[in-house]
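Pasted below: my_file35.cif, mmCIF, C-alpha atoms.
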```
data_upload
#
loop_
_atom_site.label_atom_id
_atom_site.label_comp_id
_atom_site.auth_asym_id
_atom_site.auth_seq_id
_atom_site.Cartn_x
_atom_site.Cartn_y
_atom_site.Cartn_z
CA MET E 28 -10.35 21.13 -10.30
CA LEU E 29 -11.18 21.76 -6.64
CA THR E 30 -14.64 23.30 -6.47
CA ILE E 31 -17.33 23.17 -3.81
CA GLN E 32 -19.89 22.09 -6.43
CA ASN E 33 -17.61 19.28 -7.53
CA LEU E 34 -17.13 18.12 -3.94
CA LYS E 35 -20.83 18.29 -3.11
CA SER E 36 -21.55 16.13 -6.14
CA LYS E 37 -18.93 13.56 -5.12
CA ILE E 38 -20.14 13.43 -1.51
CA ALA E 39 -23.70 12.74 -2.68
CA GLN E 40 -22.50 9.56 -4.43
CA SER E 41 -21.33 6.28 -2.88
CA PRO E 42 -18.18 6.71 -0.77
CA TYR E 43 -16.68 3.81 -2.72
CA GLN E 44 -15.93 5.12 -6.20
CA ALA E 45 -12.19 4.35 -6.27
CA TYR E 46 -9.55 3.28 -3.78
CA VAL E 47 -7.18 6.17 -2.95
CA TYR E 48 -3.97 5.14 -1.19
CA SER E 49 -1.23 7.10 -2.94
CA TYR E 50 -0.72 10.04 -5.25
CA PRO E 51 -0.40 10.06 -8.14
CA HIS E 52 -1.98 6.71 -8.97
CA LYS E 53 0.13 4.33 -11.07
CA THR E 54 -2.34 4.63 -13.96
CA ALA E 55 -1.11 8.24 -14.31
CA TYR E 56 2.42 7.01 -15.11
CA ARG E 57 3.64 7.12 -18.70
CA PRO E 58 6.88 6.34 -20.62
CA LEU E 59 9.65 8.82 -19.79
CA THR E 60 11.25 10.35 -22.88
CA PRO E 61 14.18 10.49 -22.55
CA PRO E 62 14.68 8.03 -19.68
CA VAL E 63 15.81 9.62 -16.42
CA TYR E 64 19.37 8.87 -15.27
CA LEU E 65 18.97 7.65 -11.69
CA PRO E 66 22.39 8.65 -10.25
CA GLU E 67 21.59 12.29 -11.06
CA LEU E 68 18.01 11.99 -9.78
CA TRP E 69 18.90 10.42 -6.42
CA ALA E 70 21.87 12.77 -5.89
CA GLN E 71 19.31 15.55 -5.39
CA GLN E 72 17.28 13.55 -2.83
CA ASP E 73 17.75 13.33 0.94
CA ARG E 74 18.82 9.68 1.30
CA GLN E 75 19.12 9.40 5.08
CA ALA E 76 15.66 8.01 5.96
CA LEU E 77 14.49 6.03 2.95
CA PHE E 78 11.86 3.31 2.76
CA LEU E 79 13.19 0.14 1.10
CA TYR E 80 10.50 -1.93 -0.58
CA ILE E 81 11.01 -5.27 -2.34
CA HIS E 82 8.22 -6.65 -4.52
CA ILE E 83 7.56 -10.37 -4.97
CA PRO E 84 4.93 -10.88 -7.72
CA PHE E 85 3.94 -14.49 -6.96
CA CYS E 86 0.79 -15.93 -5.39
CA GLU E 87 -0.65 -19.40 -4.93
CA MET E 88 -4.01 -18.18 -6.29
CA ARG E 89 -5.60 -15.13 -7.85
CA CYS E 90 -8.32 -13.72 -5.61
CA GLY E 91 -11.45 -12.51 -7.35
CA PHE E 92 -11.05 -8.94 -6.08
CA CYS E 93 -7.29 -8.64 -6.74
CA ASN E 94 -5.89 -6.08 -9.19
CA LEU E 95 -2.32 -6.26 -7.93
CA PHE E 96 0.67 -6.95 -10.15
CA THR E 97 1.06 -10.64 -9.35
CA THR E 98 0.98 -13.99 -11.12
CA VAL E 99 0.06 -17.58 -10.33
CA SER E 100 1.82 -18.80 -13.49
CA HIS E 101 5.28 -19.61 -12.15
CA ASN E 102 7.58 -22.43 -11.15
CA GLU E 103 10.75 -22.59 -9.05
CA ASP E 104 12.99 -22.00 -12.07
CA PHE E 105 11.13 -18.81 -12.97
CA MET E 106 11.24 -17.62 -9.36
CA SER E 107 15.00 -18.27 -9.32
CA GLN E 108 15.40 -16.12 -12.43
CA TYR E 109 13.35 -13.38 -10.81
CA VAL E 110 15.41 -13.39 -7.60
CA ARG E 111 18.68 -13.30 -9.57
CA THR E 112 17.39 -10.32 -11.55
CA LEU E 113 16.37 -8.57 -8.35
CA GLN E 114 19.89 -9.14 -7.02
CA ARG E 115 21.35 -7.54 -10.16
CA GLN E 116 19.00 -4.58 -9.79
CA ALA E 117 19.92 -4.17 -6.12
CA GLN E 118 23.64 -4.09 -6.89
CA ARG E 119 23.11 -1.33 -9.45
CA MET E 120 20.84 0.64 -7.13
CA LYS E 121 23.30 0.44 -4.24
CA ALA E 122 25.87 2.08 -6.50
CA VAL E 123 23.28 4.69 -7.55
CA LEU E 124 22.34 5.62 -3.97
CA GLY E 125 25.83 5.78 -2.52
CA ASP E 126 25.72 6.81 1.14
CA ALA E 127 22.10 6.10 2.02
CA SER E 128 20.29 4.78 5.08
CA PHE E 129 16.91 3.12 5.45
CA ALA E 130 14.30 3.92 8.09
CA ARG E 131 11.85 1.19 7.05
CA PHE E 132 11.83 -2.02 5.04
CA ALA E 133 8.93 -4.05 3.66
CA ILE E 134 8.53 -7.07 1.42
CA GLY E 135 5.19 -7.15 -0.36
CA GLY E 136 3.53 -8.63 -3.37
CA GLY E 137 1.96 -10.80 -4.35
CA THR E 138 2.84 -13.08 -1.49
CA PRO E 139 6.53 -13.03 -0.48
CA THR E 140 6.19 -16.30 1.44
CA GLN E 141 5.20 -17.99 -1.82
CA LEU E 142 8.95 -18.08 -2.48
CA PRO E 143 10.85 -21.23 -1.52
CA ILE E 144 12.62 -20.62 1.77
CA GLN E 145 16.09 -20.32 0.23
CA HIS E 146 14.88 -17.54 -2.08
CA LEU E 147 13.09 -15.79 0.77
CA GLU E 148 16.37 -15.80 2.69
CA THR E 149 18.14 -14.38 -0.36
CA ILE E 150 15.68 -11.48 -0.44
CA LEU E 151 16.38 -10.69 3.22
CA ASN E 152 20.12 -10.86 2.52
CA ILE E 153 19.74 -8.50 -0.44
CA ALA E 154 18.19 -5.93 1.88
CA GLU E 155 20.88 -6.33 4.54
CA SER E 156 24.09 -7.23 2.73
CA THR E 157 23.60 -5.61 -0.68
CA MET E 158 21.53 -2.53 0.22
CA GLY E 159 22.98 -2.05 3.70
CA ALA E 160 19.67 -1.89 5.58
CA LYS E 161 20.23 -2.42 9.32
CA LEU E 162 17.51 -4.99 9.87
CA GLN E 163 17.99 -5.20 13.62
CA GLU E 164 17.34 -1.48 14.00
CA ILE E 165 14.42 -0.63 11.71
CA PRO E 166 10.78 -1.71 11.40
CA ILE E 167 10.35 -4.55 8.90
CA SER E 168 7.04 -5.74 7.49
CA VAL E 169 6.35 -8.85 5.41
CA GLU E 170 3.09 -9.94 3.79
CA VAL E 171 2.12 -13.59 4.20
CA SER E 172 -0.87 -15.78 3.36
CA PRO E 173 -2.58 -18.55 5.36
CA GLU E 174 -1.26 -21.21 2.98
CA THR E 175 2.37 -20.07 2.82
CA ALA E 176 3.11 -18.85 6.37
CA THR E 177 4.76 -22.13 7.31
CA GLU E 178 6.68 -22.60 10.54
CA ASP E 179 10.10 -22.67 8.85
CA LYS E 180 9.45 -19.47 6.89
CA LEU E 181 8.12 -17.64 9.95
CA LYS E 182 11.21 -18.71 11.91
CA LEU E 183 13.39 -17.36 9.11
CA LEU E 184 11.58 -14.02 9.16
CA ARG E 185 11.84 -13.75 12.93
CA SER E 186 15.57 -14.62 12.85
CA HIS E 187 16.09 -11.68 10.47
CA ALA E 188 14.35 -9.25 12.85
CA VAL E 189 11.05 -8.98 10.98
CA ASP E 190 8.77 -7.36 13.54
CA ARG E 191 5.50 -7.04 11.60
CA VAL E 192 3.58 -9.73 9.74
CA SER E 193 0.57 -8.77 7.63
CA ILE E 194 -1.89 -11.45 6.58
CA GLY E 195 -4.88 -11.13 4.27
CA VAL E 196 -7.67 -13.14 5.87
CA GLN E 197 -10.56 -11.14 4.31
CA SER E 198 -13.27 -13.20 6.05
CA PHE E 199 -13.65 -15.96 8.64
CA ILE E 200 -16.80 -17.21 6.88
CA ASP E 201 -15.91 -20.04 4.47
CA SER E 202 -18.78 -19.33 2.05
CA GLU E 203 -17.73 -15.67 1.74
CA VAL E 204 -14.12 -16.63 1.08
CA LEU E 205 -15.19 -19.15 -1.56
CA ALA E 206 -17.27 -16.49 -3.32
CA THR E 207 -14.11 -14.42 -3.83
CA GLN E 208 -12.47 -17.36 -5.64
CA ARG E 209 -10.02 -17.68 -2.76
CA ARG E 210 -8.65 -21.02 -1.60
CA GLN E 211 -8.49 -21.18 2.17
CA SER E 212 -10.48 -22.52 5.10
CA THR E 213 -11.21 -20.92 8.44
CA THR E 214 -9.50 -23.83 10.17
CA GLN E 215 -6.34 -23.21 8.15
CA VAL E 216 -6.47 -19.47 8.86
CA GLU E 217 -6.87 -19.98 12.60
CA ALA E 218 -3.96 -22.43 12.69
CA THR E 219 -1.75 -19.95 10.82
CA LEU E 220 -2.67 -17.05 13.10
CA THR E 221 -1.96 -19.19 16.16
CA ARG E 222 1.45 -20.06 14.69
CA ILE E 223 2.25 -16.38 14.05
CA LYS E 224 1.28 -15.40 17.58
CA GLU E 225 3.39 -18.21 19.06
CA MET E 226 6.42 -16.94 17.11
CA GLY E 227 6.25 -13.67 19.03
CA PHE E 228 6.12 -11.13 16.21
CA PRO E 229 5.61 -7.73 17.92
CA THR E 230 3.01 -6.64 15.37
CA LEU E 231 0.39 -8.79 13.71
CA ASN E 232 -1.79 -7.10 11.10
CA ILE E 233 -4.94 -8.77 9.79
CA ASP E 234 -6.76 -7.56 6.66
CA LEU E 235 -10.53 -7.97 6.34
CA ILE E 236 -12.86 -7.01 3.47
CA TYR E 237 -16.45 -5.81 3.74
CA GLY E 238 -19.02 -5.89 0.96
CA LEU E 239 -18.18 -9.45 -0.15
CA PRO E 240 -20.71 -11.53 -2.12
CA GLY E 241 -23.24 -13.04 0.29
CA GLN E 242 -21.92 -11.07 3.24
CA THR E 243 -24.27 -9.41 5.74
CA VAL E 244 -23.55 -6.86 8.44
CA ASN E 245 -23.90 -9.62 11.03
CA SER E 246 -21.51 -12.01 9.26
CA TRP E 247 -19.06 -9.11 8.86
CA LEU E 248 -19.14 -8.50 12.60
CA GLN E 249 -18.60 -12.23 13.16
CA SER E 250 -15.36 -11.98 11.16
CA ILE E 251 -14.19 -9.01 13.24
CA GLN E 252 -15.00 -10.86 16.46
CA ALA E 253 -13.03 -13.86 15.21
CA THR E 254 -10.14 -11.52 14.40
CA LEU E 255 -10.20 -10.02 17.89
CA ARG E 256 -9.62 -13.45 19.43
CA PHE E 257 -6.03 -13.21 18.13
CA GLN E 258 -5.51 -9.69 19.55
CA PRO E 259 -3.78 -8.26 16.47
CA GLU E 260 -1.94 -4.99 17.00
CA GLU E 261 -3.32 -3.71 13.69
CA ILE E 262 -6.47 -4.41 11.70
CA TYR E 263 -7.23 -3.07 8.22
CA LEU E 264 -10.87 -2.90 7.15
CA TYR E 265 -11.00 -2.72 3.36
CA PRO E 266 -14.14 -2.02 1.34
CA LEU E 267 -14.58 -4.33 -1.63
CA TYR E 268 -13.80 -2.58 -4.90
CA VAL E 269 -14.70 -4.57 -8.02
CA ARG E 270 -12.22 -3.56 -10.71
CA SER E 271 -11.79 -4.28 -14.40
CA LEU E 272 -9.97 -7.48 -15.43
CA THR E 273 -10.35 -9.05 -11.97
CA GLY E 274 -12.26 -12.29 -11.35
CA LEU E 275 -15.23 -10.54 -9.75
CA GLY E 276 -15.07 -7.78 -12.34
CA ARG E 277 -15.77 -10.32 -15.07
CA THR E 278 -19.00 -11.49 -13.44
CA GLU E 279 -22.44 -10.01 -14.04
CA GLN E 280 -23.27 -10.03 -10.34
CA GLU E 281 -25.24 -7.15 -8.87
CA TRP E 282 -23.59 -5.82 -5.73
CA ASP E 283 -25.80 -5.35 -2.67
CA ASP E 284 -24.12 -2.27 -1.26
CA ILE E 285 -23.92 -2.76 2.49
CA ARG E 286 -20.38 -1.38 2.66
CA LEU E 287 -21.14 1.84 4.53
CA ALA E 288 -23.21 0.00 7.14
CA CYS E 289 -20.41 -2.57 7.53
CA TYR E 290 -17.80 0.17 7.89
CA ARG E 291 -19.74 2.00 10.59
CA GLU E 292 -20.54 -1.10 12.60
CA GLY E 293 -16.99 -2.43 12.27
CA ARG E 294 -15.47 0.90 13.27
CA SER E 295 -17.73 1.14 16.31
CA LEU E 296 -16.80 -2.38 17.41
CA LEU E 297 -13.05 -1.81 17.10
CA LEU E 298 -13.17 1.52 18.94
CA SER E 299 -15.08 -0.16 21.75
CA GLN E 300 -12.31 -2.78 21.99
CA GLY E 301 -9.52 -0.25 22.54
CA TYR E 302 -8.37 0.32 18.97
CA THR E 303 -7.65 3.79 17.62
CA GLN E 304 -8.42 4.78 14.04
CA VAL E 305 -5.37 5.83 12.04
CA SER E 306 -7.11 6.21 8.69
CA MET E 307 -10.30 5.10 6.97
CA ARG E 308 -8.89 1.58 6.73
CA MET E 309 -6.33 1.21 9.51
CA PHE E 310 -6.97 0.56 13.21
CA ARG E 311 -4.17 0.15 15.76
CA ARG E 312 -4.23 -1.39 19.23
CA VAL E 313 -0.79 -0.32 20.47
CA GLU E 314 1.50 2.62 19.93
CA VAL E 315 4.07 2.28 17.16
CA GLY E 316 7.35 1.00 18.50
CA GLN E 317 6.17 -1.13 21.42
CA GLY E 318 8.22 -4.30 21.13
CA SER E 319 9.37 -3.42 17.60
CA ASN E 320 12.80 -2.53 16.21
CA LEU E 321 12.00 1.18 16.34
CA SER E 322 14.06 2.78 19.10
CA PRO E 323 14.08 6.46 20.21
CA SER E 324 17.25 6.99 18.17
CA SER E 325 15.87 5.39 14.99
CA PRO E 326 15.22 7.68 12.00
CA VAL E 327 11.53 8.37 11.54
CA HIS E 328 10.22 7.93 8.02
CA SER E 329 7.57 10.36 6.77
CA CYS E 330 5.66 9.18 3.70
CA GLN E 331 4.74 12.82 2.96
CA ALA E 332 8.31 13.96 2.59
CA ASP E 333 10.76 11.07 2.38
CA GLY E 334 11.75 8.84 -0.50
CA MET E 335 11.12 5.19 -1.26
CA LEU E 336 13.36 2.85 -3.22
CA GLY E 337 11.52 -0.04 -4.82
CA LEU E 338 13.23 -3.22 -6.02
CA GLY E 339 11.46 -5.84 -8.11
CA CYS E 340 9.23 -5.76 -11.13
CA GLY E 341 6.07 -4.31 -9.55
CA ALA E 342 7.76 -1.93 -7.11
CA ARG E 343 7.44 1.83 -7.25
CA SER E 344 10.17 4.29 -6.29
CA TYR E 345 9.48 7.80 -5.00
CA THR E 346 11.69 10.87 -5.04
CA ASN E 347 10.56 14.46 -4.51
CA THR E 348 10.29 15.11 -8.23
CA LEU E 349 9.74 11.71 -9.86
CA HIS E 350 7.75 8.58 -9.12
CA TYR E 351 8.80 5.68 -11.32
CA SER E 352 8.31 1.95 -11.82
CA ASN E 353 7.95 -0.71 -14.46
CA GLU E 354 4.72 -0.78 -16.43
CA TYR E 355 1.56 -1.99 -14.73
CA ALA E 356 -0.90 -4.71 -15.71
CA VAL E 357 -3.69 -6.77 -14.15
CA GLY E 358 -4.39 -9.36 -16.85
CA ALA E 359 -2.26 -12.52 -16.91
CA LYS E 360 -0.87 -11.86 -20.40
CA GLY E 361 0.17 -8.29 -19.61
CA ILE E 362 1.82 -9.31 -16.35
CA SER E 363 3.71 -12.16 -18.02
CA GLU E 364 5.09 -9.86 -20.73
CA ILE E 365 6.27 -7.27 -18.19
CA LEU E 366 7.89 -9.93 -16.00
CA GLN E 367 9.74 -11.42 -18.95
CA ALA E 368 11.02 -7.97 -19.92
CA TYR E 369 12.19 -7.37 -16.34
CA ILE E 370 14.14 -10.64 -16.19
CA GLN E 371 15.82 -9.79 -19.50
CA THR E 372 16.79 -6.27 -18.39
CA ALA E 373 20.49 -5.50 -18.95
CA ASP E 374 22.41 -4.32 -15.90
CA GLU E 375 23.03 -0.84 -17.33
CA SER E 376 19.31 -0.32 -17.96
CA PHE E 377 18.63 -0.42 -14.20
CA ASP E 378 20.44 2.92 -13.99
CA TYR E 379 17.50 4.60 -15.74
CA ALA E 380 13.84 5.21 -15.01
CA HIS E 381 11.82 4.48 -18.15
CA TYR E 382 8.26 4.85 -16.88
CA GLY E 383 6.79 7.20 -14.31
CA PHE E 384 5.37 10.60 -13.42
CA GLN E 385 7.20 13.91 -12.97
CA LEU E 386 5.93 15.89 -9.98
CA ASN E 387 6.01 19.66 -10.41
CA ALA E 388 5.57 22.02 -7.44
CA GLU E 389 1.78 21.78 -7.53
CA GLU E 390 1.77 17.97 -7.64
CA GLN E 391 4.23 17.83 -4.74
CA ARG E 392 1.86 20.02 -2.71
CA ARG E 393 -1.16 17.89 -3.59
CA ARG E 394 0.63 14.71 -2.59
CA TYR E 395 1.69 16.17 0.75
CA ILE E 396 -1.85 17.38 1.44
CA LEU E 397 -3.54 14.12 0.44
CA LEU E 398 -1.26 11.87 2.51
CA SER E 399 -1.52 14.17 5.54
CA LEU E 400 -5.25 14.81 5.44
CA LEU E 401 -6.25 11.17 4.96
CA SER E 402 -4.36 10.06 8.09
CA ASP E 403 -4.97 10.77 11.77
CA GLU E 404 -2.08 13.26 11.71
CA GLY E 405 -4.16 15.71 9.73
CA LEU E 406 -2.87 18.57 7.59
CA ASN E 407 -0.53 20.80 9.58
CA SER E 408 -0.44 24.24 7.98
CA ALA E 409 2.80 25.16 9.84
CA SER E 410 4.55 22.04 8.52
CA TYR E 411 3.20 22.78 5.06
CA ARG E 412 4.59 26.32 5.28
CA GLN E 413 7.99 24.99 6.33
CA GLN E 414 7.99 22.45 3.50
CA PHE E 415 6.77 24.65 0.66
CA GLY E 416 7.25 28.26 1.80
CA SER E 417 3.62 29.20 1.25
CA GLU E 418 0.26 29.11 3.03
CA VAL E 419 -1.90 26.07 2.35
CA TYR E 420 -5.17 28.00 2.55
CA ALA E 421 -3.84 30.55 0.06
CA ASP E 422 -2.69 27.79 -2.28
CA PHE E 423 -5.98 25.87 -1.90
CA PRO E 424 -8.70 28.24 -0.61
CA GLU E 425 -11.35 25.61 -1.42
CA PHE E 426 -10.27 23.74 1.72
CA SER E 427 -12.54 25.97 3.79
CA GLU E 428 -15.44 24.14 2.16
CA LEU E 429 -14.36 20.88 3.79
CA ILE E 430 -15.32 22.51 7.08
CA ALA E 431 -18.56 23.91 5.68
CA LEU E 432 -19.59 20.41 4.55
CA ASN E 433 -18.70 18.87 7.94
CA LEU E 434 -15.92 16.86 6.34
CA ALA E 435 -13.13 18.41 8.41
CA ILE E 436 -12.49 20.54 11.46
CA LYS E 437 -9.71 23.07 12.03
CA ASP E 438 -7.96 23.29 15.39
CA GLU E 439 -5.23 25.94 15.34
CA ASP E 440 -2.74 24.73 12.68
CA ILE E 441 -4.30 21.28 12.13
CA LEU E 442 -7.03 20.42 9.63
CA GLN E 443 -8.44 16.96 10.42
CA LEU E 444 -11.23 14.93 8.90
CA THR E 445 -14.39 14.48 10.93
CA GLU E 446 -15.98 11.07 11.45
CA PHE E 447 -18.12 11.83 8.38
CA GLY E 448 -15.04 12.93 6.45
CA ILE E 449 -13.01 9.83 7.33
CA GLU E 450 -15.63 7.50 5.89
CA ARG E 451 -15.48 9.54 2.67
CA SER E 452 -11.68 9.50 2.51
CA ASP E 453 -11.59 7.97 -0.96
CA THR E 454 -13.98 10.62 -2.24
CA ILE E 455 -11.97 13.47 -0.72
CA GLY E 456 -8.74 11.92 -1.99
CA ALA E 457 -10.06 11.79 -5.56
CA TRP E 458 -11.27 15.40 -5.21
CA LEU E 459 -7.66 16.41 -4.48
CA PHE E 460 -6.34 14.93 -7.74
CA SER E 461 -5.12 17.50 -10.26
CA GLU E 462 -6.83 17.78 -13.64
CA LYS E 463 -3.66 16.44 -15.28
CA VAL E 464 -3.56 13.32 -13.10
CA GLN E 465 -7.27 12.68 -13.56
CA GLU E 466 -6.98 13.00 -17.35
CA LEU E 467 -4.04 10.58 -17.43
CA MET E 468 -5.91 8.08 -15.27
CA ASP E 469 -9.04 8.37 -17.43
CA GLY E 470 -6.98 7.82 -20.56
CA TYR E 471 -5.09 4.80 -19.25
CA GLU E 472 -5.72 1.53 -21.08
CA LEU E 473 -5.49 -1.30 -18.55
CA LYS E 474 -3.58 -4.37 -19.68
#
```

Rewrite the coordinates I just gave you, this time as structure tokens.
Amino acid sequence: MLTIQNLKSKIAQSPYQAYVYSYPHKTAYRPLTPPVYLPELWAQQDRQALFLYIHIPFCEMRCGFCNLFTTVSHNEDFMSQYVRTLQRQAQRMKAVLGDASFARFAIGGGTPTQLPIQHLETILNIAESTMGAKLQEIPISVEVSPETATEDKLKLLRSHAVDRVSIGVQSFIDSEVLATQRRQSTTQVEATLTRIKEMGFPTLNIDLIYGLPGQTVNSWLQSIQATLRFQPEEIYLYPLYVRSLTGLGRTEQEWDDIRLACYREGRSLLLSQGYTQVSMRMFRRVEVGQGSNLSPSSPVHSCQADGMLGLGCGARSYTNTLHYSNEYAVGAKGISEILQAYIQTADESFDYAHYGFQLNAEEQRRRYILLSLLSDEGLNSASYRQQFGSEVYADFPEFSELIALNLAIKDEDILQLTEFGIERSDTIGAWLFSEKVQELMDGYELK
């Protein structure tokens, strides 16, 4: 429930209670009874500017902070089975969607470049040949790792018009990386980044994490300075969240909370180097579209309003009224069971959503508000009115308290977070959750 007392209490706590990046969170999903028939669901959705996402759940190692749906227990035969299943799913979903077009495409994971090169090429062909995505005309992003971003795989990605590569470096300090149970060296990372830059990808994104074991504010700034040497177009600064069933979550370590100091110093450094802040985590050096596939005539995808089609075991799909996916797990046993079930899925079963969350009118409003407010776009009350036919401040009068607490400022139709509000984005995001979503999340038993 949105109350000023509730918000004041949250703001008084650490800004890092839970990571808010979407709404509703996947731990609010539940089995759908009866399953939802996807041809009927997607027939009611605008399908002219969709986001196509393909999930590859394989990594070379399990980082200590990772709670993603990914596995290190695989071999080439298992990966072949997974890719064949994904192909079957794509063929069914192409029939479900009918006349659809895609405004964006991303391959994530896991680590997509963990796939052997022939399977990676198959994934790109699924997007283009099976799903009909025009790869030469839309922005395409692929996640890579220092160990798997080999020259031949990067050449393959570039030949298929991939214009954004995202790499999780986390730290340029070897001792900090080792403490996260991650297998990489700074020398290896620097060689990989040099290779990516030489390939000429228009957008390089580098992820860093602050609050790591043994990290100091000074060592954190050293990692950012090392990052800046490669002039990435985008940098994500992620606070460390230690979650249940992860490697770090199983330790008894006490966490020296320097995260807010790291965030502020890192933000200040990036702003001084010509970066603009897009959200709490994202910083951008160039305008979207410079050197990318996005042309003035390209459809523009809006995550607040448009749909996403997810292919692969860990992918989510979004329509206006339903978010759906396979079940979610973090532990190795739970992930293995879900992957095996996915590979054994009959073709006809892909025509149904079995697990997800139904969004009523209120939940649709909350999602729109959360995704708008937590970005640099801010919450546009005129756009909200056009989308929902009502006034945002009448629907959520508590929003005035964001201004009273110096968390946001209102300029005509736009409500934007202040500098203080941006650093508490995760707190504000959680405050926007409905009681129903919060109860479902609280009652979720993590596998």

* Asked: Contacts of E:Gln465 at 10 Å or less, counting only C-alpha atoms, minus same-chain residues fewer than 6 places along, as number ranges by chain?
  -> E: 28, 51-52, 54-55, 457-459, 471

* Which residues fall under the PyMOL selection byres ((chain E and resi 424-434) around 6) in this file, as a ChimeraX atom specification? -> /E:420-421,423,435-436,444-445,447-448

Mind running stretch 68-134 of chain E against stretch 153-156 of chain E at 10 Å and telling me each contacting residue's nearest atom pair with the distance in Å (one decimal), counting all atoms listed in the file, chain and number ascending, as a Markdown table?
```
| residue | atom | partner | partner_atom | distance |
| --- | --- | --- | --- | --- |
| E:Leu79 | CA | E:Ala154 | CA | 7.9 |
| E:Tyr80 | CA | E:Ala154 | CA | 9.0 |
| E:Ile81 | CA | E:Ala154 | CA | 8.4 |
| E:Val110 | CA | E:Ile153 | CA | 9.7 |
| E:Leu113 | CA | E:Ile153 | CA | 8.6 |
| E:Gln114 | CA | E:Ile153 | CA | 6.6 |
| E:Arg115 | CA | E:Ile153 | CA | 9.9 |
| E:Ala117 | CA | E:Ile153 | CA | 7.1 |
| E:Gln118 | CA | E:Ile153 | CA | 8.7 |
| E:Phe129 | CA | E:Ala154 | CA | 9.8 |
| E:Phe132 | CA | E:Ala154 | CA | 8.1 |
| E:Ala133 | CA | E:Ala154 | CA | 9.6 |
| E:Ile134 | CA | E:Ala154 | CA | 9.7 |
```

* Distance criterion (all atoms listed in the file): nearest to E:Ser212 out of E:Pro240, E:Gly137, E:Pro173, E:Gly293 ->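 Answer, going by the shortest atom-to-atom distance: E:Pro173.
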
* To do: Enter the distance from atom CA of E:Tyr48 to atom CA of E:Gly361, in Å, rounded to one decimal.
  =>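 Computed distance, atom CA of E:Tyr48 to atom CA of E:Gly361, equals 23.2 Å.
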
* To do: Name every residue that the PyMOL selection byres ((chain E and resi 178-193) around 7) selects in this structure, writing the answer as a list of chain:residue names with chains first and numbers rising.
  =>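 Selection result, ordered by chain and number: E:Ile144, E:Leu162, E:Gln163, E:Pro166, E:Ile167, E:Ser168, E:Val169, E:Glu170, E:Val171, E:Ala176, E:Thr177, E:Ile194, E:Gly195, E:Phe228, E:Pro229, E:Thr230, E:Leu231, E:Asn232, E:Ile233, E:Ser319, E:Asn320.
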
Excluding stretch 249-262 of chain E and any residue of its chain fewer than 2 positions from it, enumerate the residues within 9 Å of it, using only C-alpha atoms, and give them as a PDB file with C-alpha atoms, keeping the file's coordinate frame.
```pdb
ATOM      1  CA  SER E 193       0.570  -8.770   7.630  1.00  0.00           C
ATOM      2  CA  GLN E 197     -10.560 -11.140   4.310  1.00  0.00           C
ATOM      3  CA  SER E 198     -13.270 -13.200   6.050  1.00  0.00           C
ATOM      4  CA  PHE E 199     -13.650 -15.960   8.640  1.00  0.00           C
ATOM      5  CA  ILE E 200     -16.800 -17.210   6.880  1.00  0.00           C
ATOM      6  CA  GLU E 217      -6.870 -19.980  12.600  1.00  0.00           C
ATOM      7  CA  LEU E 220      -2.670 -17.050  13.100  1.00  0.00           C
ATOM      8  CA  THR E 221      -1.960 -19.190  16.160  1.00  0.00           C
ATOM      9  CA  LYS E 224       1.280 -15.400  17.580  1.00  0.00           C
ATOM     10  CA  PRO E 229       5.610  -7.730  17.920  1.00  0.00           C
ATOM     11  CA  THR E 230       3.010  -6.640  15.370  1.00  0.00           C
ATOM     12  CA  LEU E 231       0.390  -8.790  13.710  1.00  0.00           C
ATOM     13  CA  ASN E 232      -1.790  -7.100  11.100  1.00  0.00           C
ATOM     14  CA  ILE E 233      -4.940  -8.770   9.790  1.00  0.00           C
ATOM     15  CA  ASP E 234      -6.760  -7.560   6.660  1.00  0.00           C
ATOM     16  CA  LEU E 235     -10.530  -7.970   6.340  1.00  0.00           C
ATOM     17  CA  VAL E 244     -23.550  -6.860   8.440  1.00  0.00           C
ATOM     18  CA  ASN E 245     -23.900  -9.620  11.030  1.00  0.00           C
ATOM     19  CA  SER E 246     -21.510 -12.010   9.260  1.00  0.00           C
ATOM     20  CA  TRP E 247     -19.060  -9.110   8.860  1.00  0.00           C
ATOM     21  CA  LEU E 264     -10.870  -2.900   7.150  1.00  0.00           C
ATOM     22  CA  GLY E 293     -16.990  -2.430  12.270  1.00  0.00           C
ATOM     23  CA  LEU E 296     -16.800  -2.380  17.410  1.00  0.00           C
ATOM     24  CA  LEU E 297     -13.050  -1.810  17.100  1.00  0.00           C
ATOM     25  CA  GLN E 300     -12.310  -2.780  21.990  1.00  0.00           C
ATOM     26  CA  TYR E 302      -8.370   0.320  18.970  1.00  0.00           C
ATOM     27  CA  ARG E 308      -8.890   1.580   6.730  1.00  0.00           C
ATOM     28  CA  MET E 309      -6.330   1.210   9.510  1.00  0.00           C
ATOM     29  CA  PHE E 310      -6.970   0.560  13.210  1.00  0.00           C
ATOM     30  CA  ARG E 311      -4.170   0.150  15.760  1.00  0.00           C
ATOM     31  CA  ARG E 312      -4.230  -1.390  19.230  1.00  0.00           C
ATOM     32  CA  VAL E 313      -0.790  -0.320  20.470  1.00  0.00           C
ATOM     33  CA  GLU E 314       1.500   2.620  19.930  1.00  0.00           C
TER      34      GLU E 314
END
```

* Work out how far apart atom CA of E:Ala127 and atom CA of E:Pro61 are and give it in Å to one decimal. =>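 We find that atom CA of E:Ala127 and atom CA of E:Pro61 lie 26.2 Å from each other.
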
* Given the file above and the PyMOL selection byres ((chain E and resi 349-354) around 6), which residues are selected, and can you give them as a PyMOL selection string? -> chain E and resi 343-346+348+355+382-386
